[in-house]
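Take a look at the structure set out below.
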Amino acid sequence: MSVAVAKPGEVKHNYLNAGDTVLSWLLTTDHKRIAVLYLVSVTLFFAVGGLLALLIRLELLTPQGDLMTSENYNRVFTMHGVVMIFLFLIPAIPAVLGNFLVPLMVGARDLAFPRLNLASWYVYMAGGLIATWAMVNGGVDTGWTFYPPYSSSYSTSQVTLTIIGAFLIGFSSIFTGINFIVTIHKMRAPGLTWFRLPLFIWAHYATSVIIVLGTPVVAITLLLVAVERVFRLGIFDPALGGDPILFQHLFWFYSHPAVYIMILPAMGVISEVVACFSRKRVFGYHFVAFSSVAIAVIGFLVWGHHMFTTGQSVYAGMVFSLLSFLVAVPSAVKVFNWTATMYKGHIEFRAPMLYVMGFLGLFVIGGLTGLFLASLATDIHLQDTYFVVAHFHYIMVGGTIFGYLAGLHFWWPKMTGRMYPEGIAKLAALIIFAGFNLTFLPQFVLGYLGMPRRYHWYPEEWQMLHVMSSAGAALLGIGYILPIFYLLWSLRNGAIAGPNPWGATGLEWKTDSPPITHNFEETPIVTEEPYAYENHHHQEEVASGTGASAAEG
Amino acid sequence: MTNGHDTHSHIVPVKVYLLVYVTLLVLLVATVGAAYLPGHHTLLNNVIALTIAVVKAVLVMLYFMHVRYSTRLTWLWASAGFFWLVIMFILTLGDYFTRHWVPVLGWE
Ligand code: HEM
Ligand SMILES: [Cu+2]
């Protein structure tokens, strides 16, 4: 691959300087620019969700519900959940990193349907703004799960509007999913066979399958709730002849797979970073690739584990419990393979690698506590307690957000052409790790002791644990703010990255940073397996070479 | 092998669209008509209505959504959608039909 070298002083063409009017951004069909649009939007929504989380932790500092009324507390945790799940966690990695990287990694000029890609961002923004509008005009108080009959008969908050917002956001992810599937099938560079694809691509393929097959179901289900609310049609409300458990089936048919929509892309990031900074090929490539597909399929068969205590039949509970244990197997396969990848590798503790290490530990805790919850008997004690809250935050914050931050740092030089400051980035990673554990470890204990979720009053003997958790949240907040500052700072002041600052394999590193609008000067031809780190010892020289010039710059 | 684009540019005569459209309308009338059948044939009515609905859905997919003229890969995806629907039905009904198998104190 030839990389056109710029003469000193000459500004090279790239996707960022291809146009600087606002319209050139708002009407772009370049997947890289759309990724940047998404980056800005998901970051804003993450800030909103984060502020709501701080309000929750502030309220829980004291055993009395003294900061806000119970009604408002309901609104705050509901909106925290809705914003974080639908507006941040689901789109974050696919729509930002995936959008940027899928075409680059398969050696294509863009996604298969560039305009559909832009439409996806507009639909996302429309959904996000409607949800925001609902939040400031009365809010929602049903919990992010929208269970009827709260959501259908009892709630007087903006349920219908929020549901319309979530419905639209669902379509934006369907658009993205379709685009990825078609691109991965049809637009791979010559020589790039399925088993030469980076595992990031396999993970995004599996994620897209879930998105396309699952999201329509939740879209229809939420619409049915809205229809019931507006037209009093009996679907889920028993008073009107409906069945509330049916809602739970339909909702979790999507929403359990949705947790894999959130974690699978992060797993893709981990595979890339762990190989690069261990300087080894990923151990058991085929197993890691197929475990993504296995998760996508088995993930659809376990949703009843959210309904063990809500009236589902005991027999169905047993089946769902067994199937839930099965889904842990492919997740474990991945963790073992990443660990084996590091074994005897030349591990470099760069900032992305710190996030990867954090991910591994936290994901294991999150996954194992999932098994406690998937056991019928223990779940009767733990359902709807803080144990569940801690479980899913270990996976979604410790897993997805760690993966997102790992990926954002790893590909930041590619996206912007600049290096971020390594020292402070490592510090931020450590603060986030410490803050995270301080926030959520006490919640396992609280839940085990019986603290229910979604309440703001609690017995005094639990205050110590809640104070620890709130202190951790403050630390976590600081950890999240740091990257915003140093990443923005690096845009002007960071060292010039060069095409491949990490000496990584993969097509995205074979073109300029930032890439030109059409990604590659000429279509790349792939002749070797992925992660061929061991075949290329000279690449370490490349890495240290760039490192030296980075220090000068 | 010819390249995949040939199949996408398959041109369907307007006549086919019209024919499918008329068939859909006829089936619609049939559904409404079946609902007015004399007597209380709830079960029969449901069977007729659902059968007609399936036929209509298949027609829309095959012709209006061009699945009939598409690649094997498209067929695979279209069938996957149905397969997943079946998963949803089976596991959901697996709950409803087994509620009385293992009685739980306090649940009727
Ligand atoms: C090892 C695989 C996993 C198993 C066996 C598992 C099991 C469970 C079970 C049984 C529950 C229901 C607990 C209850 O309400 O009593 C649950 C809740 C939850 N899990 Fe997991 N889980 C796993 C992985 C994940 C992953 C990967 C994520 C997210 C990325 C996740 C996110 C959630 C969420 C969000 C909830 C709570 C939903 C709510 O009620 O608000 N889980 N999990
Ligand atoms: Cu689940």
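Ordered as shown in the structure tokens, chains take letters A, B, and onward, while each chain numbers its residues from 1 and ligands are numbered from 1 in the order shown.
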
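Selection of all polymer residues within 6 Å of ligand 1 on the basis of only C-alpha atoms and all ligand atoms gives Val259, Tyr260, Met262, Ile263, His305, His306, Ser324, Phe325, Val327, Ala328, Gly367, Gly370, Leu371, Leu373, Ala374, Asp379, Leu382, Gln383, Asp384, Val388, Phe392, Ile395 and Met396 of chain A.
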
Mind listing as a VMD selection string which residues of chain B are within 9 Å of chain A, counting only C-alpha atoms?
chain B and resid 80 to 81 84 to 85 87 to 88 91 to 92 94 to 104 107

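Between Ser151 of chain A and the residues A:Ile174, A:Val182, A:Leu224, A:Val293, the shortest atom-to-atom distance, using only C-alpha atoms, involves A:Leu224.
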
12 Å contact set for Thr43 of chain A, only C-alpha atoms, chain neighbours under 3 positions out, as a list of chain:residue names
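My list of contacting residues is A:Ala35, A:Val36, A:Leu37, A:Tyr38, A:Leu39, A:Val40, A:Phe46, A:Ala47, A:Val48, A:Gly49, A:Gly50, A:Val83, A:Met84, A:Leu87, A:Phe88, A:Leu89, A:Pro91, A:Ala92, A:Ile93, A:Val96, A:Ile401, A:Tyr404, A:Leu405, A:Leu408, A:Tyr480, A:Ile481, A:Pro483, A:Ile484.
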
Take the residues that were just selected and, keeping N, CA, C and O atoms, output them as a compact mmCIF listing (two decimals), in the first residue's frame.
```
# COMPACT_ATOMS: atom_id res chain seq x y z
N ALA A 35 -19.62 9.60 11.45
CA ALA A 35 -19.13 9.09 12.73
C ALA A 35 -18.83 10.25 13.68
O ALA A 35 -19.13 10.18 14.88
N VAL A 36 -18.26 11.33 13.14
CA VAL A 36 -17.95 12.48 14.00
C VAL A 36 -19.25 13.13 14.49
O VAL A 36 -19.36 13.51 15.66
N LEU A 37 -20.24 13.26 13.60
CA LEU A 37 -21.54 13.80 14.03
C LEU A 37 -22.08 12.96 15.19
O LEU A 37 -22.55 13.49 16.21
N TYR A 38 -22.01 11.64 15.04
CA TYR A 38 -22.49 10.76 16.10
C TYR A 38 -21.65 10.92 17.36
O TYR A 38 -22.17 10.90 18.48
N LEU A 39 -20.34 11.09 17.18
CA LEU A 39 -19.47 11.23 18.35
C LEU A 39 -19.91 12.42 19.20
O LEU A 39 -20.06 12.32 20.42
N VAL A 40 -20.15 13.55 18.52
CA VAL A 40 -20.57 14.74 19.25
C VAL A 40 -21.92 14.50 19.91
O VAL A 40 -22.11 14.78 21.10
N PHE A 46 -24.54 11.52 26.65
CA PHE A 46 -23.87 10.88 27.78
C PHE A 46 -23.76 11.86 28.94
O PHE A 46 -23.96 11.50 30.11
N ALA A 47 -23.49 13.12 28.61
CA ALA A 47 -23.39 14.13 29.67
C ALA A 47 -24.74 14.30 30.36
O ALA A 47 -24.82 14.39 31.60
N VAL A 48 -25.82 14.33 29.57
CA VAL A 48 -27.16 14.44 30.18
C VAL A 48 -27.43 13.25 31.10
O VAL A 48 -27.82 13.41 32.26
N GLY A 49 -27.18 12.04 30.58
CA GLY A 49 -27.40 10.84 31.39
C GLY A 49 -26.54 10.85 32.64
O GLY A 49 -26.97 10.43 33.71
N GLY A 50 -25.31 11.35 32.50
CA GLY A 50 -24.39 11.39 33.64
C GLY A 50 -24.89 12.36 34.71
O GLY A 50 -24.83 12.05 35.92
N VAL A 83 -31.96 7.59 28.59
CA VAL A 83 -30.90 8.31 27.87
C VAL A 83 -29.67 7.43 27.72
O VAL A 83 -29.11 7.30 26.63
N MET A 84 -29.24 6.80 28.80
CA MET A 84 -28.01 6.02 28.73
C MET A 84 -28.16 4.83 27.79
O MET A 84 -27.27 4.55 26.99
N LEU A 87 -29.89 6.28 23.98
CA LEU A 87 -29.19 7.36 23.29
C LEU A 87 -27.68 7.27 23.40
O LEU A 87 -26.96 7.92 22.66
N PHE A 88 -27.18 6.49 24.37
CA PHE A 88 -25.72 6.38 24.45
C PHE A 88 -25.21 4.96 24.19
O PHE A 88 -24.53 4.71 23.21
N LEU A 89 -25.56 4.01 25.06
CA LEU A 89 -24.90 2.70 24.99
C LEU A 89 -25.16 1.97 23.68
O LEU A 89 -24.26 1.37 23.11
N PRO A 91 -26.06 3.20 20.56
CA PRO A 91 -25.36 3.72 19.38
C PRO A 91 -23.86 3.92 19.56
O PRO A 91 -23.13 3.96 18.57
N ALA A 92 -23.37 4.06 20.81
CA ALA A 92 -22.01 4.58 20.98
C ALA A 92 -20.98 3.88 20.09
O ALA A 92 -20.39 4.51 19.20
N ILE A 93 -20.75 2.60 20.31
CA ILE A 93 -19.64 1.99 19.57
C ILE A 93 -20.00 1.76 18.10
O ILE A 93 -19.24 2.14 17.22
N VAL A 96 -20.37 5.32 16.21
CA VAL A 96 -19.18 6.17 16.17
C VAL A 96 -18.00 5.37 15.61
O VAL A 96 -17.54 5.62 14.49
N ILE A 401 -18.61 0.79 28.30
CA ILE A 401 -17.96 2.10 28.31
C ILE A 401 -16.44 1.95 28.34
O ILE A 401 -15.73 2.71 27.68
N TYR A 404 -15.58 1.24 24.82
CA TYR A 404 -15.73 2.45 24.02
C TYR A 404 -14.52 3.37 24.22
O TYR A 404 -13.94 3.87 23.26
N LEU A 405 -14.13 3.55 25.48
CA LEU A 405 -12.99 4.43 25.75
C LEU A 405 -11.69 3.83 25.21
O LEU A 405 -10.83 4.54 24.68
N LEU A 408 -11.90 4.49 21.52
CA LEU A 408 -11.79 5.91 21.21
C LEU A 408 -10.32 6.35 21.29
O LEU A 408 -9.82 7.08 20.42
N TYR A 480 -14.49 10.87 33.76
CA TYR A 480 -15.09 11.03 32.43
C TYR A 480 -14.85 12.42 31.86
O TYR A 480 -14.81 12.60 30.64
N ILE A 481 -14.72 13.41 32.75
CA ILE A 481 -14.54 14.77 32.23
C ILE A 481 -13.13 14.94 31.66
O ILE A 481 -12.95 15.61 30.64
N PRO A 483 -11.06 13.06 29.80
CA PRO A 483 -10.84 12.82 28.36
C PRO A 483 -11.43 13.91 27.49
O PRO A 483 -10.86 14.26 26.45
N ILE A 484 -12.57 14.47 27.90
CA ILE A 484 -13.17 15.51 27.06
C ILE A 484 -12.16 16.64 26.88
O ILE A 484 -11.95 17.14 25.78
```

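Closest approach to ligand 2 among A:Tyr455, A:Trp411, A:Phe485, A:Phe308: A:Phe308, based on only C-alpha atoms and all ligand atoms.
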
One decimal, in Å: what's the spacing between atom CA of Tyr147 of chain A and atom CA of Met451 of chain A?
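That distance, rounded to one decimal, is 20.8 Å.
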
Name the residues of chain B that fall into alpha helix (DSSP H) according to DSSP on the backbone, using the chain letters and numbers of this document, as a PyMOL selection string.
chain B and resi 5-8+14-35+42-59+72-96
